[in-house]
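Undergrad: For reference, the structure I am asking about is given below.
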Amino acid sequence: MILLTGGAGYIGSHIAVELLDAGYDVIIADNFSNASADVIKSIETITGTTPAICQIDLTDKSEVERMFQEIKIDAVIHLAGYKAVGESVREPLKYYRNNLDSTLSLLEAMEKHGVTQFVYSSSATVYGDPGIVEYTESLQFGAASSPYGSTKEMCERIITDVAAASELSAVFLRYFNPVGAHKSGLIGDDPDGIPNNLMPFITQATTGKLPELTVFGDDYPTRDGSCIRDYLHVVDLAKGHVSALKYCMDHKGVEAINLGSGRGTSVLELIEAFERVNGVKVPYKIGPRRAGDLAEYYASPAKAEKLMGWKAELTIDGMCRDAWNFAMKAH
Ligand code: UDP
């Protein structure tokens, strides 16, 4: 049984689908604070399988312990956590308390119950601003750009220390920019309130839910002046977790692995692709730079392929098509 924390969220629901399709038994642990119960029905519709659900506050050590007593868990994929960068700057304690406590409770229960495989949802933000555009895993941690980023780095450090003192085998998956949705259009990124990320902003500006998109800066030293990021399809990202789980099962120790495509796409290029593929106009204006944004970075995806045989397969056009398909079905 694979314990998938945060499995009702945007990324977690796609991982649940890939795990169930690959034949794993899955239990989703989620507090549903930023996810809807409908997502579970969608997972069932897509896979024809019903995952087990545990509604739980993972920061509550005794609840986590009870879950491990009741269910025989073989491995953990841990995504549950707060993830809004701006909010983490305004409410750092909320982020430190939640993101660290949940990871600690899980590690303690895993140690007690002899569970030794752990896949952790990390982020390219741990690299800080290394001064180069292609990020390899051999780079040191950079200065964290937000409390959210600090929690990712801290959890990687905690897991590394635990692994050094035990039989724990862990993979930190450092996500670049996941976008898109399942091709069924039944699950996807549907944030509450004003989105934090570019793709839901594009879809909501296009449906009219938001008046327009602001492109944060067109005076960066890039090919068209807008920022460049490494976008990857959420289904590719989800498959990366299945690969990481398999890797953990036959290796000891910890590995940090980038999940990215290795290709950079600018904000204006993404908008152009979205308009072309979907035959729509994205209302947008050019605005000032957003504080803290770097001009350009993308993943070196070589380690993921070498160690886990994983690489991103799906294109920018596919990401735009699937994001729009989901947005049209959801509204
Ligand atoms: N971006 C933008 N307008 C928005 C949201 C994002 O121009 O309303 C840009 C942002 O400057 C960055 C890219 O889109 O270059 C991706 O931003 P996002 O917040 O999705 O992810 P990040 O790369 O910051 O983790």
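Identifiers in the structure tokens: chain A, B, ... in order shown; residue index from 1 per chain; ligand index from 1 in order shown.
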Write out as a compact mmCIF listing (two decimals) with N, CA, C and O atoms, in the first residue's frame each polymer residue (protein, DNA or RNA) that has an atom no more than 9 Å from ligand 1, with only C-alpha atoms and all ligand atoms counted.
TA:
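File written: result.txt
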```txt
# COMPACT_ATOMS: atom_id res chain seq x y z
N VAL A 85 3.93 30.82 -2.44
CA VAL A 85 5.16 31.53 -2.10
C VAL A 85 4.87 32.86 -1.40
O VAL A 85 5.42 33.16 -0.34
N SER A 123 11.35 21.14 -4.69
CA SER A 123 11.14 22.19 -5.69
C SER A 123 12.48 22.75 -6.16
O SER A 123 13.45 22.80 -5.39
N ALA A 124 12.48 23.23 -7.39
CA ALA A 124 13.68 23.90 -7.93
C ALA A 124 14.02 25.15 -7.13
O ALA A 124 15.12 25.68 -7.25
N THR A 125 13.09 25.60 -6.31
CA THR A 125 13.37 26.80 -5.50
C THR A 125 14.54 26.57 -4.53
O THR A 125 15.18 27.54 -4.11
N PHE A 176 10.18 21.52 -11.47
CA PHE A 176 10.30 22.81 -12.14
C PHE A 176 8.87 23.38 -12.24
O PHE A 176 8.25 23.58 -11.22
N ASN A 177 8.32 23.64 -13.40
CA ASN A 177 7.00 24.29 -13.45
C ASN A 177 5.93 23.36 -14.02
O ASN A 177 5.71 23.33 -15.23
N PRO A 178 5.24 22.61 -13.15
CA PRO A 178 4.20 21.70 -13.63
C PRO A 178 2.97 22.46 -14.11
O PRO A 178 2.49 23.35 -13.40
N VAL A 179 2.49 22.13 -15.28
CA VAL A 179 1.27 22.75 -15.83
C VAL A 179 0.47 21.67 -16.57
O VAL A 179 0.92 20.53 -16.69
N PRO A 195 -5.20 33.04 -8.83
CA PRO A 195 -4.13 32.04 -8.96
C PRO A 195 -2.75 32.62 -8.63
O PRO A 195 -2.53 33.83 -8.77
N ASN A 196 -1.86 31.75 -8.22
CA ASN A 196 -0.48 32.17 -7.99
C ASN A 196 0.41 31.88 -9.19
O ASN A 196 1.47 32.47 -9.33
N ASN A 197 -0.03 30.95 -10.03
CA ASN A 197 0.85 30.50 -11.11
C ASN A 197 0.34 30.92 -12.48
O ASN A 197 -0.83 31.23 -12.66
N LEU A 198 1.28 30.88 -13.42
CA LEU A 198 0.99 31.44 -14.74
C LEU A 198 -0.15 30.73 -15.49
O LEU A 198 -1.05 31.40 -16.00
N MET A 199 -0.11 29.39 -15.59
CA MET A 199 -1.08 28.72 -16.46
C MET A 199 -2.53 28.92 -16.00
O MET A 199 -3.39 29.26 -16.83
N PRO A 200 -2.86 28.75 -14.70
CA PRO A 200 -4.25 29.04 -14.32
C PRO A 200 -4.62 30.50 -14.52
O PRO A 200 -5.79 30.82 -14.80
N PHE A 201 -3.64 31.38 -14.47
CA PHE A 201 -3.91 32.78 -14.79
C PHE A 201 -4.29 32.92 -16.26
O PHE A 201 -5.24 33.63 -16.63
N ILE A 202 -3.55 32.22 -17.13
CA ILE A 202 -3.85 32.27 -18.56
C ILE A 202 -5.26 31.74 -18.82
O ILE A 202 -6.06 32.37 -19.53
N GLU A 212 -7.69 40.26 -17.09
CA GLU A 212 -6.56 40.04 -18.00
C GLU A 212 -5.36 39.53 -17.24
O GLU A 212 -5.26 39.68 -16.03
N LEU A 213 -4.45 38.99 -18.02
CA LEU A 213 -3.19 38.51 -17.47
C LEU A 213 -2.17 39.64 -17.52
O LEU A 213 -2.15 40.39 -18.50
N THR A 214 -1.37 39.76 -16.50
CA THR A 214 -0.24 40.68 -16.58
C THR A 214 1.03 39.87 -16.76
O THR A 214 1.31 38.95 -15.98
N VAL A 215 1.76 40.16 -17.80
CA VAL A 215 3.07 39.53 -18.00
C VAL A 215 4.06 40.32 -17.15
O VAL A 215 4.22 41.53 -17.34
N PHE A 216 4.68 39.61 -16.21
CA PHE A 216 5.55 40.30 -15.26
C PHE A 216 6.92 40.60 -15.88
O PHE A 216 7.88 39.89 -15.65
N GLY A 217 6.98 41.66 -16.66
CA GLY A 217 8.25 42.15 -17.18
C GLY A 217 8.54 41.67 -18.59
O GLY A 217 8.37 40.49 -18.90
N ASP A 218 8.96 42.62 -19.45
CA ASP A 218 9.42 42.23 -20.80
C ASP A 218 10.78 42.85 -21.10
O ASP A 218 11.15 43.03 -22.24
N SER A 226 10.74 38.38 -21.84
CA SER A 226 9.95 37.82 -20.72
C SER A 226 10.72 36.66 -20.09
O SER A 226 11.66 36.11 -20.68
N CYS A 227 10.31 36.29 -18.89
CA CYS A 227 11.03 35.26 -18.12
C CYS A 227 10.93 33.88 -18.77
O CYS A 227 9.89 33.55 -19.35
N ILE A 228 11.97 33.11 -18.59
CA ILE A 228 12.00 31.75 -19.14
C ILE A 228 11.98 30.72 -18.01
O ILE A 228 12.74 30.85 -17.04
N ARG A 229 11.08 29.75 -18.14
CA ARG A 229 10.96 28.67 -17.16
C ARG A 229 10.89 27.33 -17.88
O ARG A 229 10.63 27.27 -19.08
N ASP A 230 11.04 26.27 -17.09
CA ASP A 230 10.96 24.92 -17.62
C ASP A 230 9.59 24.35 -17.25
O ASP A 230 9.38 23.87 -16.13
N TYR A 231 8.64 24.43 -18.19
CA TYR A 231 7.29 23.92 -17.94
C TYR A 231 7.27 22.43 -18.25
O TYR A 231 7.86 22.00 -19.25
N SER A 266 9.53 30.92 -22.77
CA SER A 266 9.26 32.24 -22.18
C SER A 266 7.77 32.40 -21.93
O SER A 266 6.94 31.67 -22.48
N VAL A 267 7.44 33.39 -21.10
CA VAL A 267 6.02 33.66 -20.81
C VAL A 267 5.30 33.99 -22.13
O VAL A 267 4.20 33.46 -22.39
N LEU A 268 5.92 34.83 -22.97
CA LEU A 268 5.26 35.20 -24.23
C LEU A 268 5.14 34.00 -25.17
O LEU A 268 4.13 33.86 -25.88
N ILE A 286 1.52 43.96 -20.62
CA ILE A 286 2.86 43.87 -20.04
C ILE A 286 2.88 44.74 -18.79
O ILE A 286 2.46 45.89 -18.83
N GLY A 287 3.33 44.16 -17.69
CA GLY A 287 3.43 44.92 -16.45
C GLY A 287 4.85 44.91 -15.94
O GLY A 287 5.76 44.41 -16.60
N ARG A 289 8.14 43.98 -13.51
CA ARG A 289 8.68 42.72 -13.01
C ARG A 289 8.06 42.38 -11.65
O ARG A 289 7.69 43.30 -10.91
N ARG A 290 7.96 41.09 -11.34
CA ARG A 290 7.52 40.65 -10.01
C ARG A 290 8.77 40.45 -9.15
O ARG A 290 9.73 39.80 -9.59
N ALA A 291 8.73 40.98 -7.92
CA ALA A 291 9.91 40.88 -7.05
C ALA A 291 10.29 39.42 -6.87
O ALA A 291 9.45 38.56 -6.68
N GLY A 292 11.58 39.16 -6.96
CA GLY A 292 12.08 37.81 -6.68
C GLY A 292 12.16 36.89 -7.88
O GLY A 292 12.73 35.80 -7.79
N ASP A 293 11.58 37.29 -9.04
CA ASP A 293 11.64 36.41 -10.21
C ASP A 293 13.03 36.41 -10.83
O ASP A 293 13.66 37.47 -10.98
N LEU A 294 13.50 35.25 -11.23
CA LEU A 294 14.75 35.16 -11.96
C LEU A 294 14.44 35.21 -13.46
O LEU A 294 13.37 34.78 -13.88
N ALA A 295 15.39 35.72 -14.24
CA ALA A 295 15.15 35.88 -15.68
C ALA A 295 14.93 34.53 -16.37
O ALA A 295 14.01 34.36 -17.16
N GLU A 296 15.78 33.56 -16.04
CA GLU A 296 15.75 32.32 -16.81
C GLU A 296 16.34 31.17 -16.01
O GLU A 296 17.39 31.32 -15.40
N TYR A 297 15.66 30.04 -15.99
CA TYR A 297 16.29 28.80 -15.53
C TYR A 297 15.50 27.60 -16.03
O TYR A 297 14.32 27.71 -16.35
```
Undergrad: Going by DSSP on the backbone, which bits of stretch 38-137 of chain A are helix (DSSP H, G or I)? Write them as a PyMOL selection string, please.
TA: chain A and resi 38-47+61-70+85-90+92-113+124-127
Undergrad: Write out as a list in words the residues lying within 12 Å of A:Ser62, counting only C-alpha atoms and excluding same-chain residues fewer than 4 positions away.
TA: Ile56, Asp57, Leu58, Arg66, Met67, Phe68, Gln69, Asp101, Ser102, Leu104, Ser105, Leu106, Glu108 and Ala109 of chain A
Undergrad: Take the residues from that selection and write them out as a short mmCIF file (atom, residue, chain, number, x, y, z; two decimals), in the first residue's frame, keeping C-alpha atoms.
TA:
```
data_model
loop_
_atom_site.label_atom_id
_atom_site.label_comp_id
_atom_site.auth_asym_id
_atom_site.auth_seq_id
_atom_site.Cartn_x
_atom_site.Cartn_y
_atom_site.Cartn_z
CA ILE A 56 -6.22 13.56 8.38
CA ASP A 57 -4.23 16.42 9.82
CA LEU A 58 -0.69 15.21 9.20
CA ARG A 66 -3.05 5.75 14.29
CA MET A 67 -3.11 5.66 10.49
CA PHE A 68 0.12 3.65 10.40
CA GLN A 69 -1.29 1.26 13.03
CA ASP A 101 5.45 19.08 11.42
CA SER A 102 3.75 16.94 8.80
CA LEU A 104 8.34 14.98 11.05
CA SER A 105 5.17 13.08 12.01
CA LEU A 106 5.45 10.94 8.90
CA GLU A 108 8.55 9.23 13.04
CA ALA A 109 5.69 6.91 12.16
#
```
Undergrad: Can you pull out the residues contacting A:Leu168? Cut-off 8 Å, using only C-alpha atoms, and skip same-chain residues under 5 positions away; I want them as a compact mmCIF listing (two decimals) with N, CA and C atoms, in the first residue's frame.
TA:
```txt
# COMPACT_ATOMS: atom_id res chain seq x y z
N VAL A 115 8.92 1.47 7.83
CA VAL A 115 8.66 1.83 6.42
C VAL A 115 9.90 2.60 5.93
N THR A 116 10.51 2.12 4.86
CA THR A 116 11.84 2.66 4.51
C THR A 116 11.88 3.32 3.13
N GLN A 117 10.72 3.50 2.48
CA GLN A 117 10.77 4.15 1.17
C GLN A 117 9.97 5.45 1.19
N PHE A 118 10.65 6.52 0.76
CA PHE A 118 10.06 7.85 0.91
C PHE A 118 10.36 8.68 -0.34
N VAL A 162 17.93 11.68 8.65
CA VAL A 162 17.25 10.45 9.10
C VAL A 162 17.78 9.26 8.30
N ALA A 163 17.95 9.45 7.00
CA ALA A 163 18.44 8.35 6.16
C ALA A 163 19.84 7.93 6.56
N LYS A 252 19.45 2.23 -1.67
CA LYS A 252 19.50 2.82 -0.31
C LYS A 252 20.00 4.26 -0.39
N GLY A 253 19.80 5.01 0.67
CA GLY A 253 20.32 6.37 0.73
C GLY A 253 19.38 7.38 0.10
```
Undergrad: Report as a PyMOL selection string: the residues of stretch 36-273 of chain A with a DSSP assignment of strand (DSSP E), based on the backbone of this structure.
TA: chain A and resi 52-55+75-78+117-123+134-135+169-175+177-179+213-216+228-229+231-233+253-259+265-266
Undergrad: A:Asp25: which residues within 12 Å, counting only C-alpha atoms, same-chain residues fewer than 3 positions away excluded, as a list in words?
TA: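 Here the qualifying residues turn out to be Met1, Ile2, Leu3, Leu4, Ala16, Val17, Glu18, Leu19, Leu20, Asp21, Ala22, Ile28, Thr49, Thr50, Pro51, Ala52, Ile53, Ile71, Lys72, Ile73, Asp74, Ala75 and Val76 of chain A.
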Undergrad: Smallest atom-to-atom distance to A:Lys285: which of A:Pro211, A:Gly6, A:Gly142, A:Gly185, using only C-alpha atoms?
TA: A:Pro211
